[in-house]
>>> print(open('entry.txt').read())   # compact mmCIF, C-alpha atoms
# COMPACT_ATOMS: atom_id res chain seq x y z
CA MET A 25 34.44 7.81 -13.68
CA TRP A 26 36.64 7.72 -10.65
CA GLU A 27 38.56 4.66 -9.59
CA GLY A 28 36.81 2.36 -7.18
CA ILE A 29 33.18 3.13 -8.02
CA GLN A 30 30.64 0.94 -9.79
CA LEU A 31 27.32 1.91 -11.34
CA SER A 32 24.13 0.10 -10.41
CA GLY A 33 20.46 0.95 -10.46
CA PHE A 34 16.83 0.06 -9.81
CA ALA A 35 16.22 -1.71 -13.10
CA ASP A 36 12.53 -2.27 -12.35
CA GLU A 37 12.17 1.36 -13.41
CA ILE A 38 13.22 0.22 -16.90
CA ASP A 39 10.65 -2.56 -17.01
CA MET A 40 9.39 -5.27 -14.67
CA ASP A 41 10.52 -7.90 -17.18
CA LEU A 42 13.95 -9.22 -16.24
CA GLY A 43 14.96 -9.74 -19.85
CA LYS A 44 14.30 -6.08 -20.67
CA GLN A 45 16.13 -4.97 -17.52
CA ILE A 46 19.19 -6.97 -18.56
CA GLU A 47 19.02 -5.69 -22.15
CA VAL A 48 19.11 -2.03 -21.11
CA LEU A 49 21.71 -2.49 -18.36
CA LYS A 50 24.02 -4.18 -20.85
CA LYS A 51 23.37 -1.47 -23.45
CA LEU A 52 24.55 1.11 -20.91
CA GLY A 53 27.51 -0.98 -19.75
CA ILE A 54 26.15 -1.46 -16.22
CA HIS A 55 27.01 -4.78 -14.58
CA TYR A 56 25.09 -4.46 -11.30
CA VAL A 57 21.45 -4.10 -10.32
CA GLU A 58 19.83 -2.98 -7.09
CA MET A 59 17.02 -5.47 -7.36
CA ARG A 60 13.65 -4.38 -6.01
CA GLY A 61 11.01 -5.63 -8.45
CA VAL A 62 11.28 -8.22 -11.18
CA ASN A 63 8.85 -10.07 -13.45
CA GLY A 64 5.78 -8.54 -11.88
CA LYS A 65 6.46 -8.59 -8.15
CA GLY A 66 8.97 -7.70 -5.47
CA LEU A 67 12.11 -9.82 -5.22
CA VAL A 68 11.38 -10.55 -1.56
CA GLU A 69 8.05 -12.15 -2.56
CA TYR A 70 9.74 -15.00 -4.45
CA SER A 71 10.48 -18.47 -3.18
CA MET A 72 14.11 -19.50 -2.88
CA ASN A 73 13.81 -21.78 -5.92
CA GLU A 74 12.50 -18.83 -7.96
CA VAL A 75 15.32 -16.64 -6.62
CA ARG A 76 17.87 -19.19 -7.82
CA GLU A 77 16.38 -19.05 -11.32
CA ILE A 78 16.60 -15.24 -11.33
CA LYS A 79 20.21 -15.44 -10.18
CA LYS A 80 21.03 -17.96 -12.90
CA GLN A 81 19.60 -15.65 -15.57
CA LEU A 82 21.57 -12.66 -14.22
CA GLU A 83 24.81 -14.61 -13.97
CA GLY A 84 24.44 -15.80 -17.55
CA GLU A 85 24.49 -12.16 -18.62
CA GLY A 86 27.34 -11.05 -16.34
CA ILE A 87 25.15 -9.05 -13.95
CA ARG A 88 25.25 -9.19 -10.15
CA LEU A 89 23.33 -7.55 -7.34
CA SER A 90 24.82 -4.48 -5.69
CA SER A 91 22.05 -4.65 -3.08
CA VAL A 92 18.63 -6.07 -2.43
CA GLY A 93 16.33 -3.05 -2.76
CA SER A 94 14.09 -4.35 -0.02
CA PRO A 95 10.96 -2.85 1.60
CA ILE A 96 12.24 -3.79 5.06
CA GLY A 97 11.34 -1.13 7.63
CA LYS A 98 8.82 0.40 5.24
CA ILE A 99 5.83 -0.29 7.46
CA LYS A 100 4.10 1.93 9.99
CA ILE A 101 5.71 1.99 13.41
CA THR A 102 2.25 1.08 14.73
CA ASP A 103 1.97 -2.03 12.51
CA ALA A 104 2.54 -5.53 13.86
CA PHE A 105 6.27 -6.21 13.78
CA ALA A 106 6.47 -10.04 14.02
CA PRO A 107 5.14 -10.74 10.47
CA HIS A 108 7.52 -8.13 9.08
CA MET A 109 10.43 -9.77 10.89
CA GLU A 110 9.62 -13.00 9.06
CA ILE A 111 9.73 -11.16 5.72
CA TYR A 112 13.09 -9.72 6.81
CA LYS A 113 14.49 -13.16 7.57
CA HIS A 114 13.44 -14.33 4.10
CA THR A 115 15.05 -11.22 2.61
CA VAL A 116 18.31 -12.06 4.36
CA GLU A 117 18.14 -15.57 2.90
CA ILE A 118 17.60 -14.09 -0.56
CA ALA A 119 20.57 -11.73 -0.15
CA GLN A 120 22.78 -14.63 0.87
CA GLU A 121 21.67 -16.74 -2.10
CA MET A 122 22.16 -13.82 -4.48
CA GLU A 123 25.56 -13.02 -2.94
CA ALA A 124 24.39 -9.44 -2.56
CA PRO A 125 26.69 -7.42 -0.30
CA TYR A 126 23.87 -5.24 1.07
CA ILE A 127 20.17 -5.01 1.93
CA ARG A 128 18.60 -1.55 1.61
CA MET A 129 16.07 -0.82 4.38
CA PHE A 130 14.20 1.91 6.29
CA SER A 131 13.26 3.01 9.81
CA PHE A 132 9.44 2.85 9.80
CA PHE A 133 6.77 5.32 8.77
CA MET A 134 5.70 7.72 11.49
CA PRO A 135 2.06 8.73 12.23
CA GLU A 136 1.07 11.86 10.36
CA ASN A 137 1.06 15.17 12.20
CA GLU A 138 2.58 13.71 15.36
CA SER A 139 5.91 14.20 17.06
CA TYR A 140 8.40 11.45 16.25
CA ALA A 141 9.88 11.56 19.75
CA PRO A 142 7.41 9.17 21.48
CA TYR A 143 8.24 6.47 18.94
CA ARG A 144 12.01 6.64 19.27
CA GLY A 145 12.27 3.74 21.71
CA LYS A 146 10.16 1.42 19.58
CA VAL A 147 12.12 2.37 16.43
CA MET A 148 15.41 1.60 18.14
CA GLU A 149 14.14 -1.68 19.59
CA GLN A 150 12.89 -2.93 16.22
CA LEU A 151 15.97 -1.74 14.32
CA GLY A 152 18.04 -3.50 16.96
CA GLN A 153 16.33 -6.78 16.09
CA PHE A 154 17.19 -6.24 12.43
CA VAL A 155 20.82 -5.45 13.26
CA ASP A 156 21.25 -8.41 15.62
CA TYR A 157 19.96 -10.76 12.93
CA ALA A 158 22.21 -9.13 10.33
CA LYS A 159 25.22 -9.71 12.56
CA ALA A 160 24.27 -13.36 13.07
CA SER A 161 23.74 -13.78 9.32
CA ASN A 162 26.82 -11.80 8.22
CA ILE A 163 24.70 -9.36 6.20
CA VAL A 164 25.16 -5.58 5.87
CA LEU A 165 22.08 -3.40 6.21
CA LEU A 166 21.97 -0.02 4.48
CA HIS A 167 19.57 2.50 5.98
CA GLU A 168 18.01 4.87 3.43
CA ASN A 169 16.82 8.31 4.43
CA GLU A 170 13.27 8.80 3.16
CA LYS A 171 10.44 11.24 3.76
CA ASP A 172 8.04 10.36 6.59
CA ILE A 173 10.13 7.59 8.15
CA TYR A 174 11.78 8.07 11.55
CA ALA A 175 15.25 8.79 10.15
CA ASP A 176 14.20 11.07 7.33
CA ALA A 177 16.37 14.07 8.22
CA ALA A 178 20.11 13.78 8.70
CA GLU A 179 19.92 14.48 12.44
CA ARG A 180 17.73 11.42 13.03
CA CYS A 181 19.85 9.38 10.61
CA LEU A 182 22.76 10.31 12.86
CA GLU A 183 20.81 9.11 15.91
CA ILE A 184 20.42 5.62 14.52
CA MET A 185 23.99 5.56 13.18
CA LYS A 186 25.32 6.39 16.63
CA GLU A 187 23.22 3.54 17.99
CA PHE A 188 23.91 0.85 15.39
CA TYR A 189 26.68 1.84 12.94
CA GLY A 190 29.27 -0.85 12.41
CA GLU A 191 30.22 -3.72 10.16
CA HIS A 192 26.58 -4.69 9.65
CA PHE A 193 24.73 -1.35 9.60
CA LYS A 194 25.64 1.61 7.42
CA ALA A 195 23.99 4.54 5.62
CA VAL A 196 22.69 5.22 2.12
CA PHE A 197 22.95 8.82 0.94
CA ASP A 198 19.93 9.77 -1.19
CA PHE A 199 20.07 13.32 -2.56
CA ALA A 200 16.45 13.66 -3.65
CA ASN A 201 15.01 12.28 -0.43
CA PHE A 202 16.85 14.93 1.60
CA VAL A 203 15.61 17.66 -0.75
CA GLN A 204 12.07 16.39 -0.35
CA CYS A 205 12.54 16.64 3.43
CA LYS A 206 13.58 20.27 2.90
CA GLN A 207 17.11 19.60 4.08
CA ASP A 208 20.25 21.02 2.51
CA THR A 209 22.12 18.03 1.10
CA ARG A 210 25.46 19.65 1.90
CA GLU A 211 24.51 19.75 5.58
CA ALA A 212 23.33 16.14 5.39
CA TYR A 213 26.66 15.12 3.84
CA ARG A 214 28.60 16.95 6.56
CA ILE A 215 26.62 15.19 9.29
CA LEU A 216 26.60 11.68 7.83
CA GLN A 217 29.76 11.36 5.75
CA PRO A 218 31.59 8.95 8.12
CA TYR A 219 28.68 6.49 7.98
CA ILE A 220 27.88 6.46 4.25
CA ALA A 221 28.61 3.25 2.36
CA TYR A 222 26.28 3.57 -0.63
CA ILE A 223 24.87 6.39 -2.79
CA HIS A 224 21.53 6.68 -4.58
CA ILE A 225 21.59 8.95 -7.59
CA LYS A 226 18.48 11.04 -8.02
CA ASP A 227 17.90 14.77 -7.67
CA ALA A 228 14.86 16.89 -6.78
CA ARG A 229 13.62 20.47 -6.74
CA CYS A 230 12.95 22.32 -3.51
CA SER A 231 10.06 24.22 -5.09
CA ASP A 232 7.75 21.27 -5.72
CA ALA A 233 9.73 18.19 -4.54
CA GLY A 234 9.69 16.94 -8.14
CA VAL A 235 12.40 14.41 -9.03
CA VAL A 236 14.70 15.46 -11.88
CA PRO A 237 17.88 14.11 -13.49
CA ALA A 238 21.05 14.44 -11.42
CA GLY A 239 22.38 17.99 -11.54
CA MET A 240 19.07 19.56 -12.55
CA GLY A 241 17.66 19.99 -9.05
CA ASP A 242 18.67 21.38 -5.69
CA GLY A 243 20.57 18.36 -4.40
CA HIS A 244 24.05 19.76 -5.18
CA VAL A 245 24.85 16.40 -6.75
CA GLU A 246 28.05 17.40 -8.54
CA GLU A 247 29.42 19.32 -5.56
CA ILE A 248 28.78 16.47 -3.14
CA LEU A 249 30.06 13.76 -5.47
CA ARG A 250 33.27 15.78 -5.69
CA LEU A 251 33.44 15.66 -1.89
CA PHE A 252 32.84 11.91 -1.90
CA LYS A 253 35.61 11.44 -4.45
CA ALA A 254 38.03 13.66 -2.51
CA GLY A 255 37.17 11.72 0.63
CA GLY A 256 38.11 8.43 -0.99
CA TYR A 257 34.63 6.97 -1.45
CA LYS A 258 34.75 3.54 -3.05
CA GLY A 259 31.50 1.77 -3.78
CA PHE A 260 28.25 1.95 -5.70
CA LEU A 261 26.42 4.82 -7.34
CA SER A 262 22.93 3.44 -7.82
CA LEU A 263 20.54 5.08 -10.29
CA GLU A 264 16.98 5.49 -9.03
CA PRO A 265 15.48 7.65 -11.80
CA HIS A 266 11.82 8.22 -10.75
CA LEU A 267 11.57 10.18 -14.02
CA SER A 268 8.67 8.73 -16.00
CA ASP A 269 6.72 11.99 -15.63
CA PHE A 270 9.72 14.35 -15.86
CA ALA A 271 8.26 17.47 -17.47
CA GLY A 272 11.55 18.54 -19.06
CA PHE A 273 11.95 15.44 -21.23
CA SER A 274 10.61 17.05 -24.42
CA ALA A 275 13.10 19.91 -24.06
CA LEU A 276 15.98 17.44 -23.76
CA GLU A 277 15.10 15.21 -26.71
CA GLN A 278 15.11 16.72 -30.20
CA SER A 279 12.81 14.01 -31.47
CA ALA A 280 10.29 14.41 -28.66
CA SER A 281 7.09 16.30 -29.43
CA GLY A 282 4.68 17.91 -27.01
CA LYS A 283 4.57 16.51 -23.51
CA LYS A 284 5.68 13.01 -24.34
CA LYS A 285 5.86 10.69 -21.37
CA MET A 286 9.05 8.67 -21.22
CA ASN A 287 9.02 4.94 -21.16
CA GLY A 288 11.16 3.14 -18.61
CA GLU A 289 14.17 2.69 -20.86
CA GLU A 290 14.16 6.37 -21.83
CA ALA A 291 13.87 7.49 -18.21
CA PHE A 292 16.64 5.20 -17.02
CA THR A 293 18.89 6.20 -19.93
CA LEU A 294 18.29 9.89 -19.21
CA ALA A 295 19.25 9.34 -15.57
CA TYR A 296 22.38 7.48 -16.67
CA LYS A 297 23.41 10.22 -19.11
CA ALA A 298 22.91 12.92 -16.48
CA LEU A 299 25.17 11.08 -14.05
CA GLU A 300 27.70 10.32 -16.79
CA SER A 301 27.89 14.04 -17.61
CA ILE A 302 28.66 14.85 -13.97
CA LEU A 303 31.24 12.10 -13.62
CA LYS A 304 33.09 13.38 -16.69
CA LYS A 305 33.50 16.74 -14.94
CA ILE A 306 34.74 15.45 -11.62
>>> encode(input="entry.txt", output="structure tokens")
Amino acid sequence: MWEGIQLSGFADEIDMDLGKQIEVLKKLGIHYVEMRGVNGKGLVEYSMNEVREIKKQLEGEGIRLSSVGSPIGKIKITDAFAPHMEIYKHTVEIAQEMEAPYIRMFSFFMPENESYAPYRGKVMEQLGQFVDYAKASNIVLLHENEKDIYADAAERCLEIMKEFYGEHFKAVFDFANFVQCKQDTREAYRILQPYIAYIHIKDARCSDAGVVPAGMGDGHVEEILRLFKAGGYKGFLSLEPHLSDFAGFSALEQSASGKKKMNGEEAFTLAYKALESILKKI
């Protein structure tokens, strides 16, 4: 563990039940959660009174939000924007109530088999509305690179960073998502390093885009985390396992037999142990 970093994670991958999420986070010594889903639905779907109850339960166990793992920007660029903007405003209110420093978001799904270029103006206009509202609300948006959205590859991430980067708009670095976009993560790091304020920990294979524990894929996780450390990165490393169907689980667990499918706790714990192993080396 290097000084200045904190571990967090998408605890809905453990279980949708908040009590179980808390139990496993505490077992692993993790004091933050990137809250996406809880008790059967997305955090952003709850009323403010329900959000306050969730916060109270977390605070009673010494756990805080590192970010709201929101679905903002995860609609088609051709979808109606006004209803989504209302969801965004509610998400901002939730982040403020939860005292979450960040909201994770995206830059809209692009039509399949079409050039992204004709949609650039609309993407920028709609992102601009998000950023203006974030500034007015004193909230920090974190853009995540993800397959099939406008800013999936590092070059288009750079486009939107040049347009909006500042106190209220920064970048998430997600290793696996770059691999799944067939981009070398080392190149992505080189392009985006000045803008990165948050790191998602998951890895993937180039061969089949399958998600694997950190260090077991083609994301160069250890190498790039060394670069982050050398560059003075201070902030969150957020576990996003996506490992429930990881084919290598039986080979990693002596007690596992056949092609056992992991439960959420096992998958999250495996992701944690893989990251812990890397952190001990760097």
>>> closest_atom_pairs(input="entry.txt", of="range 172-244 of chain A", to="range 144-159 of chain A", cutoff="9 Å", atoms="only C-alpha atoms", output="tab-separated table")
residue	atom	partner	partner_atom	distance
A:Tyr174	CA	A:Val147	CA	7.5
A:Ile184	CA	A:Met148	CA	7.4
A:Glu187	CA	A:Met148	CA	8.0
A:Phe188	CA	A:Val155	CA	7.3
A:Glu191	CA	A:Lys159	CA	8.2
A:His192	CA	A:Lys159	CA	6.0
A:Phe193	CA	A:Val155	CA	6.7
>>> atom_distance(input="entry.txt", atom1="CA of Ala221 in chain A", atom2="CA of Glu246 in chain A")
17.9 Å
>>> axis_aligned_box(input="entry.txt", around="range 176-182 of chain A", padding_each_side="6 Å", output="JSON")
{"center_x": 18.5, "center_y": 11.9, "center_z": 10.2, "size_x": 20.6, "size_y": 17.1, "size_z": 17.7}
>>> atom_distance(input="entry.txt", atom1="CA of Gln45 in chain A", atom2="CA of Ile223 in chain A")
20.6 Å
>>> closest_residue(input="entry.txt", among="A:Ser139, A:Gln217, A:Ser71, A:Ser94", to="Glu121 in chain A", atoms="all atoms listed in the file")
A:Ser71
>>> residues_around(input="entry.txt", residues="Pro265 in chain A", least_positions_apart="2", cutoff="10 Å", atoms="only C-alpha atoms", output="VMD selection string")
chain A and resid 33 to 35 37 to 38 224 to 227 235 to 238 262 to 263 267 to 268 270 288 291 to 296
>>> build_atoms(input="entry.txt", residues="range 140-151 of chain A", atoms="all heavy atoms", output="mmCIF file, in the frame of the given file")
data_model
loop_
_atom_site.group_PDB
_atom_site.id
_atom_site.type_symbol
_atom_site.label_atom_id
_atom_site.label_comp_id
_atom_site.auth_asym_id
_atom_site.auth_seq_id
_atom_site.Cartn_x
_atom_site.Cartn_y
_atom_site.Cartn_z
ATOM 1 N N TYR A 140 7.726 12.741 16.380
ATOM 2 C CA TYR A 140 8.400 11.450 16.250
ATOM 3 C C TYR A 140 8.943 10.957 17.589
ATOM 4 O O TYR A 140 9.173 9.761 17.778
ATOM 5 C CB TYR A 140 9.568 11.566 15.271
ATOM 6 C CG TYR A 140 9.212 11.730 13.812
ATOM 7 C CD1 TYR A 140 7.902 11.972 13.395
ATOM 8 C CD2 TYR A 140 10.199 11.640 12.840
ATOM 9 C CE1 TYR A 140 7.594 12.133 12.059
ATOM 10 C CE2 TYR A 140 9.901 11.801 11.488
ATOM 11 C CZ TYR A 140 8.593 12.047 11.101
ATOM 12 O OH TYR A 140 8.289 12.201 9.770
ATOM 13 N N ALA A 141 9.161 11.874 18.508
ATOM 14 C CA ALA A 141 9.880 11.560 19.750
ATOM 15 C C ALA A 141 9.280 10.381 20.533
ATOM 16 O O ALA A 141 10.039 9.519 21.019
ATOM 17 C CB ALA A 141 9.953 12.805 20.630
ATOM 18 N N PRO A 142 7.953 10.282 20.686
ATOM 19 C CA PRO A 142 7.410 9.170 21.480
ATOM 20 C C PRO A 142 7.682 7.789 20.887
ATOM 21 O O PRO A 142 7.561 6.782 21.596
ATOM 22 C CB PRO A 142 5.903 9.461 21.497
ATOM 23 C CG PRO A 142 5.775 10.910 21.215
ATOM 24 C CD PRO A 142 6.896 11.211 20.268
ATOM 25 N N TYR A 143 8.038 7.750 19.618
ATOM 26 C CA TYR A 143 8.240 6.470 18.940
ATOM 27 C C TYR A 143 9.712 6.057 18.870
ATOM 28 O O TYR A 143 10.028 4.988 18.361
ATOM 29 C CB TYR A 143 7.649 6.533 17.532
ATOM 30 C CG TYR A 143 6.163 6.788 17.543
ATOM 31 C CD1 TYR A 143 5.650 8.071 17.359
ATOM 32 C CD2 TYR A 143 5.260 5.750 17.784
ATOM 33 C CE1 TYR A 143 4.281 8.310 17.396
ATOM 34 C CE2 TYR A 143 3.892 5.982 17.820
ATOM 35 C CZ TYR A 143 3.409 7.269 17.628
ATOM 36 O OH TYR A 143 2.055 7.497 17.669
ATOM 37 N N ARG A 144 10.576 6.909 19.391
ATOM 38 C CA ARG A 144 12.010 6.640 19.270
ATOM 39 C C ARG A 144 12.397 5.290 19.858
ATOM 40 O O ARG A 144 13.128 4.509 19.250
ATOM 41 C CB ARG A 144 12.826 7.751 19.928
ATOM 42 C CG ARG A 144 14.325 7.596 19.746
ATOM 43 C CD ARG A 144 15.118 8.658 20.505
ATOM 44 N NE ARG A 144 16.527 8.615 20.184
ATOM 45 C CZ ARG A 144 17.396 7.751 20.705
ATOM 46 N NH1 ARG A 144 16.982 6.829 21.571
ATOM 47 N NH2 ARG A 144 18.675 7.789 20.352
ATOM 48 N N GLY A 145 11.905 4.988 21.047
ATOM 49 C CA GLY A 145 12.270 3.740 21.710
ATOM 50 C C GLY A 145 11.862 2.520 20.902
ATOM 51 O O GLY A 145 12.646 1.562 20.770
ATOM 52 N N LYS A 146 10.637 2.563 20.355
ATOM 53 C CA LYS A 146 10.160 1.420 19.580
ATOM 54 C C LYS A 146 10.959 1.279 18.283
ATOM 55 O O LYS A 146 11.281 0.157 17.857
ATOM 56 C CB LYS A 146 8.672 1.574 19.278
ATOM 57 C CG LYS A 146 8.042 0.338 18.662
ATOM 58 C CD LYS A 146 6.538 0.481 18.504
ATOM 59 C CE LYS A 146 5.927 -0.803 17.955
ATOM 60 N NZ LYS A 146 4.461 -0.672 17.740
ATOM 61 N N VAL A 147 11.280 2.408 17.643
ATOM 62 C CA VAL A 147 12.120 2.370 16.430
ATOM 63 C C VAL A 147 13.455 1.701 16.736
ATOM 64 O O VAL A 147 13.899 0.799 16.017
ATOM 65 C CB VAL A 147 12.342 3.787 15.877
ATOM 66 C CG1 VAL A 147 13.448 3.784 14.816
ATOM 67 C CG2 VAL A 147 11.061 4.355 15.290
ATOM 68 N N MET A 148 14.091 2.134 17.798
ATOM 69 C CA MET A 148 15.410 1.600 18.140
ATOM 70 C C MET A 148 15.331 0.114 18.498
ATOM 71 O O MET A 148 16.208 -0.674 18.126
ATOM 72 C CB MET A 148 16.024 2.398 19.285
ATOM 73 C CG MET A 148 16.320 3.851 18.944
ATOM 74 S SD MET A 148 17.459 4.035 17.542
ATOM 75 C CE MET A 148 17.589 5.823 17.448
ATOM 76 N N GLU A 149 14.284 -0.268 19.190
ATOM 77 C CA GLU A 149 14.140 -1.680 19.590
ATOM 78 C C GLU A 149 13.970 -2.564 18.357
ATOM 79 O O GLU A 149 14.598 -3.620 18.240
ATOM 80 C CB GLU A 149 12.946 -1.819 20.532
ATOM 81 C CG GLU A 149 12.837 -3.192 21.193
ATOM 82 C CD GLU A 149 12.073 -4.205 20.343
ATOM 83 O OE1 GLU A 149 11.159 -3.785 19.594
ATOM 84 O OE2 GLU A 149 12.403 -5.415 20.395
ATOM 85 N N GLN A 150 13.130 -2.123 17.408
ATOM 86 C CA GLN A 150 12.890 -2.930 16.220
ATOM 87 C C GLN A 150 14.090 -2.931 15.272
ATOM 88 O O GLN A 150 14.447 -3.977 14.709
ATOM 89 C CB GLN A 150 11.618 -2.451 15.511
ATOM 90 C CG GLN A 150 10.370 -2.747 16.334
ATOM 91 C CD GLN A 150 9.060 -2.310 15.709
ATOM 92 O OE1 GLN A 150 7.992 -2.560 16.259
ATOM 93 N NE2 GLN A 150 9.112 -1.659 14.555
ATOM 94 N N LEU A 151 14.731 -1.775 15.116
ATOM 95 C CA LEU A 151 15.970 -1.740 14.320
ATOM 96 C C LEU A 151 17.021 -2.642 14.946
ATOM 97 O O LEU A 151 17.780 -3.312 14.238
ATOM 98 C CB LEU A 151 16.497 -0.307 14.216
ATOM 99 C CG LEU A 151 15.759 0.661 13.289
ATOM 100 C CD1 LEU A 151 16.404 2.041 13.353
ATOM 101 C CD2 LEU A 151 15.732 0.160 11.847
#
